[in-house]
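Trainee: What follows is run-v3.csv, CSV, N, CA and C atoms.
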```
chain,number,residue,atom,x,y,z
F,1,MET,N,-95.0,-73.4,-40.5
F,1,MET,CA,-95.6,-73.2,-39.2
F,1,MET,C,-94.8,-73.8,-38.0
F,2,LYS,N,-94.3,-75.0,-38.2
F,2,LYS,CA,-93.5,-75.6,-37.2
F,2,LYS,C,-92.2,-74.9,-37.0
F,3,ASN,N,-91.7,-74.3,-38.0
F,3,ASN,CA,-90.4,-73.5,-38.0
F,3,ASN,C,-90.6,-72.3,-37.1
F,4,ARG,N,-91.8,-71.6,-37.3
F,4,ARG,CA,-92.1,-70.4,-36.5
F,4,ARG,C,-92.3,-70.7,-35.0
F,5,LEU,N,-93.0,-71.8,-34.8
F,5,LEU,CA,-93.2,-72.3,-33.4
F,5,LEU,C,-91.9,-72.6,-32.7
F,6,ALA,N,-91.0,-73.2,-33.4
F,6,ALA,CA,-89.6,-73.6,-32.9
F,6,ALA,C,-88.8,-72.3,-32.6
F,7,ARG,N,-88.9,-71.3,-33.5
F,7,ARG,CA,-88.2,-70.0,-33.2
F,7,ARG,C,-88.8,-69.3,-32.0
F,8,ARG,N,-90.1,-69.3,-32.0
F,8,ARG,CA,-90.7,-68.6,-30.9
F,8,ARG,C,-90.4,-69.3,-29.5
F,9,LEU,N,-90.5,-70.6,-29.5
F,9,LEU,CA,-90.1,-71.3,-28.3
F,9,LEU,C,-88.7,-71.1,-27.9
F,10,THR,N,-87.8,-71.1,-28.9
F,10,THR,CA,-86.4,-70.9,-28.6
F,10,THR,C,-86.2,-69.4,-28.0
F,11,LEU,N,-86.9,-68.5,-28.6
F,11,LEU,CA,-86.8,-67.1,-28.1
F,11,LEU,C,-87.3,-67.0,-26.7
F,12,TYR,N,-88.4,-67.6,-26.4
F,12,TYR,CA,-88.9,-67.6,-25.0
F,12,TYR,C,-88.0,-68.2,-24.0
F,13,ILE,N,-87.4,-69.3,-24.4
F,13,ILE,CA,-86.4,-70.0,-23.5
F,13,ILE,C,-85.2,-69.1,-23.2
F,14,ILE,N,-84.7,-68.5,-24.3
F,14,ILE,CA,-83.5,-67.6,-24.1
F,14,ILE,C,-83.9,-66.4,-23.3
F,15,LEU,N,-85.1,-65.8,-23.5
F,15,LEU,CA,-85.5,-64.6,-22.7
F,15,LEU,C,-85.7,-65.0,-21.3
F,16,THR,N,-86.3,-66.1,-21.0
F,16,THR,CA,-86.6,-66.6,-19.7
F,16,THR,C,-85.3,-66.9,-18.9
F,17,SER,N,-84.4,-67.6,-19.6
F,17,SER,CA,-83.1,-67.9,-18.9
F,17,SER,C,-82.3,-66.6,-18.7
F,18,THR,N,-82.4,-65.7,-19.6
F,18,THR,CA,-81.7,-64.4,-19.4
F,18,THR,C,-82.2,-63.6,-18.2
F,19,LEU,N,-83.6,-63.6,-18.1
F,19,LEU,CA,-84.2,-62.9,-17.0
F,19,LEU,C,-83.9,-63.6,-15.7
F,20,VAL,N,-83.9,-64.9,-15.6
F,20,VAL,CA,-83.6,-65.6,-14.4
F,20,VAL,C,-82.1,-65.4,-14.0
F,21,THR,N,-81.2,-65.3,-15.0
F,21,THR,CA,-79.8,-65.1,-14.7
F,21,THR,C,-79.6,-63.7,-14.2
F,22,LEU,N,-80.3,-62.7,-14.8
F,22,LEU,CA,-80.2,-61.3,-14.3
F,22,LEU,C,-80.7,-61.2,-12.9
F,23,LEU,N,-81.9,-61.8,-12.6
F,23,LEU,CA,-82.4,-61.7,-11.2
F,23,LEU,C,-81.5,-62.4,-10.2
F,24,ALA,N,-80.9,-63.5,-10.5
F,24,ALA,CA,-80.0,-64.2,-9.6
F,24,ALA,C,-78.8,-63.4,-9.4
F,25,THR,N,-78.2,-62.8,-10.4
F,25,THR,CA,-77.1,-61.9,-10.3
F,25,THR,C,-77.4,-60.7,-9.4
F,26,GLY,N,-78.5,-60.1,-9.7
F,26,GLY,CA,-78.9,-58.9,-8.9
F,26,GLY,C,-79.1,-59.3,-7.4
F,27,LEU,N,-79.7,-60.4,-7.2
F,27,LEU,CA,-79.9,-60.8,-5.8
F,27,LEU,C,-78.5,-61.1,-5.1
F,28,GLU,N,-77.6,-61.7,-5.8
F,28,GLU,CA,-76.3,-62.0,-5.2
F,28,GLU,C,-75.5,-60.7,-5.0
F,29,LEU,N,-75.6,-59.8,-5.9
F,29,LEU,CA,-74.9,-58.5,-5.6
F,29,LEU,C,-75.5,-57.7,-4.5
F,30,TYR,N,-76.8,-57.8,-4.3
F,30,TYR,CA,-77.5,-57.1,-3.2
F,30,TYR,C,-77.1,-57.8,-1.9
F,31,GLN,N,-77.1,-59.1,-1.8
F,31,GLN,CA,-76.7,-59.8,-0.6
F,31,GLN,C,-75.2,-59.5,-0.3
F,32,SER,N,-74.4,-59.5,-1.3
F,32,SER,CA,-73.0,-59.1,-1.0
F,32,SER,C,-72.8,-57.7,-0.5
F,33,TYR,N,-73.6,-56.8,-1.0
F,33,TYR,CA,-73.5,-55.4,-0.5
F,33,TYR,C,-74.0,-55.3,0.9
F,34,LYS,N,-75.1,-56.0,1.2
F,34,LYS,CA,-75.6,-56.0,2.6
F,34,LYS,C,-74.6,-56.6,3.6
F,35,ARG,N,-73.9,-57.7,3.2
F,35,ARG,CA,-72.8,-58.3,4.0
F,35,ARG,C,-71.7,-57.3,4.3
F,36,GLU,N,-71.3,-56.6,3.2
F,36,GLU,CA,-70.2,-55.6,3.4
F,36,GLU,C,-70.6,-54.5,4.3
F,37,VAL,N,-71.9,-54.0,4.1
F,37,VAL,CA,-72.4,-52.9,5.0
F,37,VAL,C,-72.4,-53.4,6.5
F,38,ALA,N,-72.9,-54.6,6.7
F,38,ALA,CA,-73.0,-55.2,8.0
F,38,ALA,C,-71.6,-55.3,8.6
F,39,GLY,N,-70.6,-55.6,7.8
F,39,GLY,CA,-69.2,-55.7,8.3
F,39,GLY,C,-68.7,-54.3,8.7
F,40,ILE,N,-69.0,-53.3,7.9
F,40,ILE,CA,-68.6,-52.0,8.3
F,40,ILE,C,-69.3,-51.5,9.5
F,41,GLU,N,-70.6,-51.8,9.6
F,41,GLU,CA,-71.4,-51.4,10.8
F,41,GLU,C,-70.8,-52.1,12.1
F,42,GLY,N,-70.3,-53.3,11.9
F,42,GLY,CA,-69.7,-54.0,13.0
F,42,GLY,C,-68.4,-53.4,13.4
F,43,ALA,N,-67.6,-52.9,12.4
F,43,ALA,CA,-66.4,-52.2,12.7
F,43,ALA,C,-66.6,-50.9,13.4
F,44,PHE,N,-67.7,-50.2,13.0
F,44,PHE,CA,-68.0,-48.9,13.7
F,44,PHE,C,-68.4,-49.2,15.2
F,45,GLU,N,-69.1,-50.3,15.4
F,45,GLU,CA,-69.4,-50.6,16.8
F,45,GLU,C,-68.2,-51.0,17.6
F,46,GLN,N,-67.3,-51.7,17.0
F,46,GLN,CA,-66.0,-52.1,17.6
F,46,GLN,C,-65.2,-50.8,17.9
F,47,ILE,N,-65.2,-49.9,17.0
F,47,ILE,CA,-64.4,-48.6,17.2
F,47,ILE,C,-65.0,-47.9,18.4
F,48,ARG,N,-66.4,-47.8,18.5
F,48,ARG,CA,-67.0,-47.2,19.6
F,48,ARG,C,-66.6,-47.8,20.9
F,49,GLN,N,-66.6,-49.2,21.0
F,49,GLN,CA,-66.4,-49.9,22.2
F,49,GLN,C,-64.9,-49.8,22.6
F,50,SER,N,-64.0,-49.9,21.7
F,50,SER,CA,-62.6,-50.1,22.0
F,50,SER,C,-61.7,-48.9,21.8
F,51,HIS,N,-62.1,-47.8,21.1
F,51,HIS,CA,-61.2,-46.7,20.8
F,51,HIS,C,-61.8,-45.4,21.3
F,52,VAL,N,-63.0,-45.2,21.3
F,52,VAL,CA,-63.6,-43.9,21.6
F,52,VAL,C,-63.2,-43.5,23.0
F,53,GLY,N,-63.3,-44.4,24.0
F,53,GLY,CA,-63.0,-44.0,25.3
F,53,GLY,C,-61.5,-43.6,25.5
F,54,ASN,N,-60.6,-44.2,24.8
F,54,ASN,CA,-59.2,-43.8,24.9
F,54,ASN,C,-59.0,-42.4,24.2
F,55,ILE,N,-59.7,-42.2,23.1
F,55,ILE,CA,-59.6,-40.9,22.5
F,55,ILE,C,-60.1,-39.8,23.4
F,56,GLN,N,-61.3,-40.1,24.0
F,56,GLN,CA,-61.8,-39.1,25.0
F,56,GLN,C,-60.8,-38.8,26.1
F,57,LEU,N,-60.2,-39.9,26.6
F,57,LEU,CA,-59.2,-39.7,27.7
F,57,LEU,C,-58.0,-38.9,27.2
F,58,GLY,N,-57.6,-39.2,26.0
F,58,GLY,CA,-56.4,-38.4,25.4
F,58,GLY,C,-56.8,-37.0,25.3
F,59,LEU,N,-58.0,-36.7,24.8
F,59,LEU,CA,-58.4,-35.3,24.7
F,59,LEU,C,-58.5,-34.6,26.0
F,60,TRP,N,-59.0,-35.3,27.0
F,60,TRP,CA,-59.2,-34.7,28.4
F,60,TRP,C,-57.8,-34.4,29.0
F,61,LEU,N,-56.9,-35.3,28.8
F,61,LEU,CA,-55.5,-35.2,29.3
F,61,LEU,C,-54.6,-34.3,28.4
F,62,THR,N,-55.2,-33.9,27.3
F,62,THR,CA,-54.4,-33.2,26.2
F,62,THR,C,-53.2,-33.9,25.8
F,63,ASN,N,-53.4,-35.3,25.6
F,63,ASN,CA,-52.3,-36.2,25.2
F,63,ASN,C,-52.5,-36.4,23.7
F,64,GLU,N,-51.9,-35.6,22.9
F,64,GLU,CA,-52.0,-35.7,21.4
F,64,GLU,C,-51.5,-37.0,20.9
F,65,ASP,N,-50.4,-37.5,21.5
F,65,ASP,CA,-49.9,-38.8,21.0
F,65,ASP,C,-50.9,-39.9,21.2
F,66,LEU,N,-51.6,-40.0,22.3
F,66,LEU,CA,-52.6,-41.0,22.5
F,66,LEU,C,-53.8,-40.8,21.5
F,67,VAL,N,-54.2,-39.6,21.3
F,67,VAL,CA,-55.3,-39.4,20.4
F,67,VAL,C,-54.9,-39.8,18.9
F,68,VAL,N,-53.8,-39.4,18.5
F,68,VAL,CA,-53.3,-39.7,17.1
F,68,VAL,C,-53.0,-41.2,17.0
F,69,GLY,N,-52.5,-41.8,18.0
F,69,GLY,CA,-52.2,-43.3,18.0
F,69,GLY,C,-53.5,-44.1,17.9
F,70,GLU,N,-54.5,-43.7,18.6
F,70,GLU,CA,-55.8,-44.3,18.5
F,70,GLU,C,-56.5,-44.1,17.1
F,71,MET,N,-56.3,-42.9,16.6
F,71,MET,CA,-56.9,-42.7,15.3
F,71,MET,C,-56.1,-43.5,14.2
F,72,GLU,N,-54.8,-43.7,14.4
F,72,GLU,CA,-54.1,-44.5,13.4
F,72,GLU,C,-54.5,-46.0,13.5
F,73,GLY,N,-54.8,-46.4,14.8
F,73,GLY,CA,-55.4,-47.8,15.0
F,73,GLY,C,-56.7,-47.9,14.3
F,74,ILE,N,-57.6,-46.9,14.4
F,74,ILE,CA,-58.9,-47.0,13.7
F,74,ILE,C,-58.7,-47.0,12.2
F,75,SER,N,-57.7,-46.3,11.7
F,75,SER,CA,-57.5,-46.2,10.2
F,75,SER,C,-57.1,-47.5,9.6
F,76,ARG,N,-56.6,-48.5,10.5
F,76,ARG,CA,-56.2,-49.8,10.0
F,76,ARG,C,-57.3,-50.8,9.9
F,77,PHE,N,-58.5,-50.4,10.3
F,77,PHE,CA,-59.7,-51.3,10.2
F,77,PHE,C,-59.9,-51.5,8.7
F,78,PRO,N,-60.4,-52.7,8.3
F,78,PRO,CA,-60.7,-52.9,6.8
F,78,PRO,C,-61.8,-51.9,6.4
F,79,ASP,N,-61.6,-51.3,5.3
F,79,ASP,CA,-62.6,-50.4,4.6
F,79,ASP,C,-62.6,-49.0,5.2
F,80,VAL,N,-61.9,-48.7,6.3
F,80,VAL,CA,-61.8,-47.4,6.9
F,80,VAL,C,-60.8,-46.6,6.1
F,81,GLU,N,-61.2,-45.4,5.6
F,81,GLU,CA,-60.3,-44.6,4.7
F,81,GLU,C,-59.9,-43.3,5.4
F,82,LEU,N,-60.7,-42.8,6.2
F,82,LEU,CA,-60.4,-41.5,6.8
F,82,LEU,C,-61.0,-41.4,8.3
F,83,VAL,N,-60.1,-40.9,9.2
F,83,VAL,CA,-60.6,-40.6,10.5
F,83,VAL,C,-60.3,-39.2,10.8
F,84,SER,N,-61.3,-38.4,11.1
F,84,SER,CA,-61.1,-37.0,11.3
F,84,SER,C,-61.7,-36.6,12.7
F,85,LEU,N,-61.1,-35.7,13.3
F,85,LEU,CA,-61.5,-35.3,14.7
F,85,LEU,C,-61.4,-33.7,14.8
F,86,VAL,N,-62.4,-33.1,15.3
F,86,VAL,CA,-62.4,-31.7,15.6
F,86,VAL,C,-62.7,-31.5,17.0
F,87,THR,N,-61.8,-30.8,17.8
F,87,THR,CA,-62.0,-30.6,19.2
F,87,THR,C,-62.9,-29.4,19.4
F,88,GLU,N,-63.4,-29.2,20.6
F,88,GLU,CA,-64.3,-28.1,20.9
F,88,GLU,C,-63.5,-26.7,20.7
F,89,GLU,N,-62.2,-26.8,20.8
F,89,GLU,CA,-61.4,-25.6,20.6
F,89,GLU,C,-61.1,-25.3,19.1
F,90,GLY,N,-61.5,-26.2,18.2
F,90,GLY,CA,-61.3,-26.1,16.8
F,90,GLY,C,-60.1,-26.7,16.2
F,91,GLU,N,-59.3,-27.4,17.1
F,91,GLU,CA,-58.1,-28.1,16.6
F,91,GLU,C,-58.6,-29.4,15.8
F,92,ARG,N,-57.9,-29.6,14.7
F,92,ARG,CA,-58.2,-30.7,13.7
F,92,ARG,C,-57.1,-31.7,13.7
F,93,PHE,N,-57.6,-33.0,13.7
F,93,PHE,CA,-56.7,-34.1,13.5
F,93,PHE,C,-57.3,-34.9,12.3
F,94,GLU,N,-56.4,-35.4,11.4
F,94,GLU,CA,-56.9,-36.3,10.4
F,94,GLU,C,-55.8,-37.4,10.1
F,95,VAL,N,-56.4,-38.6,9.9
F,95,VAL,CA,-55.5,-39.8,9.6
F,95,VAL,C,-56.2,-40.5,8.4
F,96,GLY,N,-55.4,-40.7,7.4
F,96,GLY,CA,-56.0,-41.4,6.2
F,96,GLY,C,-56.1,-40.4,5.0
F,97,VAL,N,-56.9,-40.9,4.0
F,97,VAL,CA,-57.0,-40.1,2.8
F,97,VAL,C,-58.5,-39.9,2.5
F,98,GLU,N,-58.8,-38.8,1.9
F,98,GLU,CA,-60.2,-38.5,1.5
F,98,GLU,C,-60.7,-39.5,0.5
F,99,PRO,N,-61.7,-40.2,0.9
F,99,PRO,CA,-62.2,-41.3,0.0
F,99,PRO,C,-62.9,-40.8,-1.2
F,100,SER,N,-62.9,-41.6,-2.2
F,100,SER,CA,-63.7,-41.3,-3.4
F,100,SER,C,-64.8,-42.4,-3.6
F,101,GLY,N,-65.9,-42.0,-4.2
F,101,GLY,CA,-67.0,-43.0,-4.3
F,101,GLY,C,-67.9,-43.0,-3.2
F,102,ARG,N,-68.7,-44.0,-3.1
F,102,ARG,CA,-69.7,-44.2,-2.0
F,102,ARG,C,-69.1,-44.5,-0.7
F,103,THR,N,-69.6,-43.8,0.3
F,103,THR,CA,-69.0,-44.0,1.7
F,103,THR,C,-70.1,-44.1,2.7
F,104,LEU,N,-69.7,-44.7,3.9
F,104,LEU,CA,-70.5,-44.7,5.1
F,104,LEU,C,-69.7,-43.9,6.1
F,105,ILE,N,-70.4,-43.0,6.8
F,105,ILE,CA,-69.7,-42.1,7.8
F,105,ILE,C,-70.4,-42.3,9.1
F,106,ARG,N,-69.6,-42.6,10.1
F,106,ARG,CA,-70.1,-42.6,11.5
F,106,ARG,C,-69.5,-41.5,12.3
F,107,THR,N,-70.3,-40.7,13.0
F,107,THR,CA,-69.8,-39.6,13.8
F,107,THR,C,-70.0,-40.0,15.3
F,108,TYR,N,-68.9,-39.7,16.1
F,108,TYR,CA,-69.0,-40.0,17.5
F,108,TYR,C,-68.8,-38.7,18.2
F,109,GLU,N,-69.7,-38.4,19.1
F,109,GLU,CA,-69.6,-37.2,20.0
F,109,GLU,C,-68.7,-37.6,21.1
F,110,LEU,N,-67.7,-36.8,21.3
F,110,LEU,CA,-66.7,-37.1,22.4
F,110,LEU,C,-66.9,-36.1,23.6
F,111,SER,N,-66.9,-36.7,24.8
F,111,SER,CA,-67.1,-35.9,26.0
F,111,SER,C,-66.4,-36.6,27.1
F,112,HIS,N,-66.4,-35.9,28.2
F,112,HIS,CA,-65.8,-36.4,29.4
F,112,HIS,C,-66.7,-36.1,30.6
F,113,ARG,N,-66.9,-37.1,31.5
F,113,ARG,CA,-67.8,-36.8,32.6
F,113,ARG,C,-66.9,-36.2,33.7
F,114,TYR,N,-67.3,-35.0,34.2
F,114,TYR,CA,-66.6,-34.4,35.3
F,114,TYR,C,-67.6,-33.8,36.3
F,115,ARG,N,-67.5,-34.3,37.5
F,115,ARG,CA,-68.4,-33.8,38.6
F,115,ARG,C,-69.8,-34.0,38.1
F,116,GLY,N,-70.1,-35.1,37.5
F,116,GLY,CA,-71.5,-35.5,37.2
F,116,GLY,C,-72.0,-34.8,35.9
F,117,GLU,N,-71.2,-34.0,35.2
F,117,GLU,CA,-71.6,-33.3,34.0
F,117,GLU,C,-70.8,-33.8,32.8
F,118,ALA,N,-71.4,-34.0,31.7
F,118,ALA,CA,-70.7,-34.4,30.5
F,118,ALA,C,-70.2,-33.1,29.8
F,119,LEU,N,-68.9,-33.0,29.7
F,119,LEU,CA,-68.3,-31.9,29.1
F,119,LEU,C,-67.9,-32.3,27.7
F,120,PRO,N,-68.3,-31.5,26.7
F,120,PRO,CA,-68.0,-31.9,25.3
F,120,PRO,C,-66.5,-31.6,25.0
F,121,LEU,N,-65.9,-32.6,24.3
F,121,LEU,CA,-64.5,-32.5,23.9
F,121,LEU,C,-64.3,-32.3,22.4
F,122,GLY,N,-65.3,-32.8,21.6
F,122,GLY,CA,-65.2,-32.7,20.2
F,122,GLY,C,-66.0,-33.7,19.5
F,123,ARG,N,-65.7,-33.9,18.2
F,123,ARG,CA,-66.5,-34.8,17.4
F,123,ARG,C,-65.5,-35.5,16.5
F,124,MET,N,-65.6,-36.9,16.4
F,124,MET,CA,-64.8,-37.7,15.5
F,124,MET,C,-65.7,-38.3,14.4
F,125,SER,N,-65.2,-38.3,13.2
F,125,SER,CA,-65.9,-38.9,12.1
F,125,SER,C,-65.0,-40.0,11.5
F,126,VAL,N,-65.6,-41.2,11.3
F,126,VAL,CA,-64.9,-42.3,10.6
F,126,VAL,C,-65.6,-42.6,9.3
F,127,THR,N,-64.8,-42.5,8.2
F,127,THR,CA,-65.4,-42.7,6.9
F,127,THR,C,-64.8,-44.0,6.3
F,128,ALA,N,-65.8,-44.9,5.9
F,128,ALA,CA,-65.4,-46.2,5.3
F,128,ALA,C,-66.1,-46.3,3.9
F,129,SER,N,-65.5,-47.1,3.1
F,129,SER,CA,-66.1,-47.3,1.8
F,129,SER,C,-66.0,-48.8,1.4
```
Since I need it in another form, could you write the structure as structure tokens?
Mentor:
Amino acid sequence: MKNRLARRLTLYIILTSTLVTLLATGLELYQSYKREVAGIEGAFEQIRQSHVGNIQLGLWLTNEDLVVGEMEGISRFPDVELVSLVTEEGERFEVGVEPSGRTLIRTYELSHRYRGEALPLGRMSVTAS
């Protein structure tokens, strides 16, 4: 009888410690994932603030070197894999490689204000993983 109780107690201890370990590991992985996503979201906001305006200006002035240079700068952000842009005329620009696996994509509508009216210039998508 004592031997059965000892085995049962040992089994409960092992199961409980395994469950606690799994829960702690799962929580740590979830928190790590959330931190990475927050970092990528921060990069997307920085791209909006510091690069989108220059790309819009480059498109308005038809300065392809400025547009591609800004896109190359964006592609150097950590976790950014692909920067693609399609103008209103259908011209395509891409910097980077097509990502594999799970990704986050942020799309920026590009326009230029002219005589009080927002004129559409194109759309840029930034893909991060």
Trainee: Hey, what's within 6 Å of Val67 of chain F if we count all atoms listed in the file and toss same-chain stuff fewer than 4 positions away? As a list of chain:residue names, please?
Mentor: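 Near neighbours after the sequence-gap exclusion: F:Ile55, F:Gly58, F:Leu59, F:Asn63, F:Met71, F:Glu72.
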Trainee: Rank nothing, just name the residue among F:Ile74, F:Ile105, F:Ala6, F:Val83 nearest to His51 of chain F, using all atoms listed in the file.
Mentor: F:Ile74
Trainee: What is the distance between atom C of Ile40 of chain F and atom CA of Ala128 of chain F, in Å to one decimal?
Mentor: 7.8 Å
Trainee: Figure out the distance between atom CA of Arg102 of chain F and atom CA of Gly73 of chain F, please, to one decimal in Å.
Mentor: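 Computing the Euclidean distance for atom CA of Gly73 of chain F and atom CA of Arg102 of chain F yields 22.5 Å.
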Trainee: Take atom CA of Gln49 of chain F and atom CA of Asp79 of chain F and report the distance between them in Å, one decimal.
Mentor: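 Going from atom CA of Gln49 of chain F over to atom CA of Asp79 of chain F covers 18.0 Å.
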Trainee: Apply DSSP to the backbone of this structure and, from chain F, keep only the residues in strand (DSSP E or B); write these as number ranges by chain.
Mentor: F: 80-87, 92-96, 104-114, 117-128
Trainee: Nearest residue to Gly96 of chain F out of F:Tyr108, F:Gln46, F:Ser75, F:Gly116, using all atoms listed in the file?
Mentor: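 Using all atoms listed in the file, the shortest distance to Gly96 of chain F belongs to F:Ser75.
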Trainee: Which residues are near Val97 of chain F? Cut-off 7 Å, all atoms listed in the file, ignore same chain within fewer than 2 positions. Put them as a compact mmCIF listing (two decimals) with N, CA and C atoms, in the frame of the given file.
Mentor:
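Once everything was written out, this is result02.txt:
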```txt
# COMPACT_ATOMS: atom_id res chain seq x y z
N GLU F 81 -61.20 -45.40 5.60
CA GLU F 81 -60.30 -44.60 4.70
C GLU F 81 -59.90 -43.30 5.40
N LEU F 82 -60.70 -42.80 6.20
CA LEU F 82 -60.40 -41.50 6.80
C LEU F 82 -61.00 -41.40 8.30
N VAL F 83 -60.10 -40.90 9.20
CA VAL F 83 -60.60 -40.60 10.50
C VAL F 83 -60.30 -39.20 10.80
N VAL F 95 -56.40 -38.60 9.90
CA VAL F 95 -55.50 -39.80 9.60
C VAL F 95 -56.20 -40.50 8.40
N PRO F 99 -61.70 -40.20 0.90
CA PRO F 99 -62.20 -41.30 0.00
C PRO F 99 -62.90 -40.80 -1.20
N SER F 100 -62.90 -41.60 -2.20
CA SER F 100 -63.70 -41.30 -3.40
C SER F 100 -64.80 -42.40 -3.60
```
Trainee: Generate the missing atoms of segment 5-12 of chain F up to all heavy atoms and report them as a PDB file, in the coordinates of the input.
Mentor:
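File part_11.pdb, as written:
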```pdb
ATOM      1  N   LEU F   5     -93.000 -71.800 -34.800  1.00  0.00           N
ATOM      2  CA  LEU F   5     -93.200 -72.300 -33.400  1.00  0.00           C
ATOM      3  C   LEU F   5     -91.900 -72.600 -32.700  1.00  0.00           C
ATOM      4  O   LEU F   5     -91.627 -72.182 -31.559  1.00  0.00           O
ATOM      5  CB  LEU F   5     -94.111 -73.468 -33.368  1.00  0.00           C
ATOM      6  CG  LEU F   5     -94.483 -73.993 -31.985  1.00  0.00           C
ATOM      7  CD1 LEU F   5     -95.212 -72.913 -31.194  1.00  0.00           C
ATOM      8  CD2 LEU F   5     -95.348 -75.224 -32.121  1.00  0.00           C
ATOM      9  N   ALA F   6     -91.000 -73.200 -33.400  1.00  0.00           N
ATOM     10  CA  ALA F   6     -89.600 -73.600 -32.900  1.00  0.00           C
ATOM     11  C   ALA F   6     -88.800 -72.300 -32.600  1.00  0.00           C
ATOM     12  O   ALA F   6     -88.210 -72.178 -31.512  1.00  0.00           O
ATOM     13  CB  ALA F   6     -88.874 -74.446 -33.845  1.00  0.00           C
ATOM     14  N   ARG F   7     -88.900 -71.300 -33.500  1.00  0.00           N
ATOM     15  CA  ARG F   7     -88.200 -70.000 -33.200  1.00  0.00           C
ATOM     16  C   ARG F   7     -88.800 -69.300 -32.000  1.00  0.00           C
ATOM     17  O   ARG F   7     -88.046 -68.779 -31.206  1.00  0.00           O
ATOM     18  CB  ARG F   7     -88.317 -69.153 -34.480  1.00  0.00           C
ATOM     19  CG  ARG F   7     -87.373 -69.525 -35.571  1.00  0.00           C
ATOM     20  CD  ARG F   7     -87.453 -68.492 -36.665  1.00  0.00           C
ATOM     21  NE  ARG F   7     -86.748 -68.981 -37.840  1.00  0.00           N
ATOM     22  CZ  ARG F   7     -86.941 -68.570 -39.049  1.00  0.00           C
ATOM     23  NH1 ARG F   7     -87.875 -67.650 -39.288  1.00  0.00           N
ATOM     24  NH2 ARG F   7     -86.254 -69.051 -40.055  1.00  0.00           N
ATOM     25  N   ARG F   8     -90.100 -69.300 -32.000  1.00  0.00           N
ATOM     26  CA  ARG F   8     -90.700 -68.600 -30.900  1.00  0.00           C
ATOM     27  C   ARG F   8     -90.400 -69.300 -29.500  1.00  0.00           C
ATOM     28  O   ARG F   8     -90.123 -68.589 -28.536  1.00  0.00           O
ATOM     29  CB  ARG F   8     -92.251 -68.606 -31.113  1.00  0.00           C
ATOM     30  CG  ARG F   8     -92.967 -67.496 -30.397  1.00  0.00           C
ATOM     31  CD  ARG F   8     -94.426 -67.512 -30.689  1.00  0.00           C
ATOM     32  NE  ARG F   8     -94.712 -66.463 -31.660  1.00  0.00           N
ATOM     33  CZ  ARG F   8     -95.892 -66.247 -32.158  1.00  0.00           C
ATOM     34  NH1 ARG F   8     -96.897 -67.033 -31.831  1.00  0.00           N
ATOM     35  NH2 ARG F   8     -96.099 -65.261 -32.987  1.00  0.00           N
ATOM     36  N   LEU F   9     -90.500 -70.600 -29.500  1.00  0.00           N
ATOM     37  CA  LEU F   9     -90.100 -71.300 -28.300  1.00  0.00           C
ATOM     38  C   LEU F   9     -88.700 -71.100 -27.900  1.00  0.00           C
ATOM     39  O   LEU F   9     -88.393 -70.871 -26.713  1.00  0.00           O
ATOM     40  CB  LEU F   9     -90.407 -72.817 -28.537  1.00  0.00           C
ATOM     41  CG  LEU F   9     -90.297 -73.721 -27.315  1.00  0.00           C
ATOM     42  CD1 LEU F   9     -91.234 -73.246 -26.207  1.00  0.00           C
ATOM     43  CD2 LEU F   9     -90.610 -75.144 -27.699  1.00  0.00           C
ATOM     44  N   THR F  10     -87.800 -71.100 -28.900  1.00  0.00           N
ATOM     45  CA  THR F  10     -86.400 -70.900 -28.600  1.00  0.00           C
ATOM     46  C   THR F  10     -86.200 -69.400 -28.000  1.00  0.00           C
ATOM     47  O   THR F  10     -85.438 -69.238 -27.038  1.00  0.00           O
ATOM     48  CB  THR F  10     -85.510 -71.033 -29.855  1.00  0.00           C
ATOM     49  OG1 THR F  10     -85.696 -72.357 -30.353  1.00  0.00           O
ATOM     50  CG2 THR F  10     -84.051 -70.788 -29.574  1.00  0.00           C
ATOM     51  N   LEU F  11     -86.900 -68.500 -28.600  1.00  0.00           N
ATOM     52  CA  LEU F  11     -86.800 -67.100 -28.100  1.00  0.00           C
ATOM     53  C   LEU F  11     -87.300 -67.000 -26.700  1.00  0.00           C
ATOM     54  O   LEU F  11     -86.668 -66.335 -25.855  1.00  0.00           O
ATOM     55  CB  LEU F  11     -87.567 -66.177 -29.061  1.00  0.00           C
ATOM     56  CG  LEU F  11     -87.560 -64.691 -28.687  1.00  0.00           C
ATOM     57  CD1 LEU F  11     -86.155 -64.116 -28.749  1.00  0.00           C
ATOM     58  CD2 LEU F  11     -88.497 -63.927 -29.606  1.00  0.00           C
ATOM     59  N   TYR F  12     -88.400 -67.600 -26.400  1.00  0.00           N
ATOM     60  CA  TYR F  12     -88.900 -67.600 -25.000  1.00  0.00           C
ATOM     61  C   TYR F  12     -88.000 -68.200 -24.000  1.00  0.00           C
ATOM     62  O   TYR F  12     -87.822 -67.734 -22.905  1.00  0.00           O
ATOM     63  CB  TYR F  12     -90.322 -68.240 -24.955  1.00  0.00           C
ATOM     64  CG  TYR F  12     -91.426 -67.429 -25.586  1.00  0.00           C
ATOM     65  CD1 TYR F  12     -92.441 -68.052 -26.301  1.00  0.00           C
ATOM     66  CD2 TYR F  12     -91.482 -66.050 -25.463  1.00  0.00           C
ATOM     67  CE1 TYR F  12     -93.463 -67.323 -26.880  1.00  0.00           C
ATOM     68  CE2 TYR F  12     -92.493 -65.313 -26.038  1.00  0.00           C
ATOM     69  CZ  TYR F  12     -93.481 -65.948 -26.754  1.00  0.00           C
ATOM     70  OH  TYR F  12     -94.487 -65.219 -27.311  1.00  0.00           O
TER      71      TYR F  12
END
```
